[in-house]
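Notes for the one structure printed next.
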Amino acid sequence: MLPAAQTKPTAPVTKYADMFSAMGTEARLRIMQLLLSAHPQGLVVGEVQEELDIPSSTLSHHLDKFRNEGLVNVRRESTFLRYTANTEALQELLRFLYAECCTRNRALKPQAIIQVCK
């Protein structure tokens, strides 16, 4: 066991685990992909529902989960809600993974990740 000074705080790991959990279903990954493809304008709920053919109550549940974890931003436009991917939160999540796999123990080469993103 590591001395207390060498243990990592669990709060950030818990936060990122919750964020990953929020994206942990096929439907939610599809929603996130769609919101990212519509970035920066985002989509109103009806557009997401039409594109992915998800029942409104289920879609509302998924979007609420994203909002609770800070993965989407939402703003009201008249009677509609417009959702956008929170790219800052997604970048933070990727930086968390990157720090462990690419800098500390070099499990992956940073260039391999950069090539995927191009």
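Following the order of the structure tokens, chains are lettered A, B, ..., residues in each are numbered from 1, and ligands are numbered from 1.
Near range 13-21 of chain A, within 10 Å and counting only C-alpha atoms, sit A:Lys8, A:Pro9, A:Thr25, A:Arg28, A:Lys65, A:Phe66, A:Asn68, A:Glu69, A:Gly70, A:Leu71, A:Ala89, A:Leu90, A:Glu92, A:Leu93, A:Leu94, A:Phe96, A:Leu97, not including residues fewer than 4 positions from it in the same chain.
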Going by DSSP on the backbone, which residues of range 29-113 of chain A come out as helix (DSSP H, G or I)? List them as a PyMOL selection string. chain A and resi 29-37+45-52+56-68+87-104+110-113
Using DSSP on the backbone, list every residue of range 39-87 of chain A that comes out as strand (DSSP E), and give them as a PyMOL selection string. chain A and resi 43-44+72-77+80-85
All residues 12 Å or closer to Glu26 in chain A, only C-alpha atoms, same chain fewer than 6 positions away omitted, as a count of residues only: 5
Nearest to Val74 in chain A, restricted to only C-alpha atoms and choosing among A:Leu59, A:Ala38, A:Leu29, A:Leu43, comes out as A:Leu43
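For the pair CA of Pro40 in chain A and CA of Ala85 in chain A, the interatomic distance is 7.9 Å.
The closest residue to Thr79 in chain A, picked from A:Val45, A:Ala11, A:Ala27, A:Ala22 and counting only C-alpha atoms, is A:Val45.
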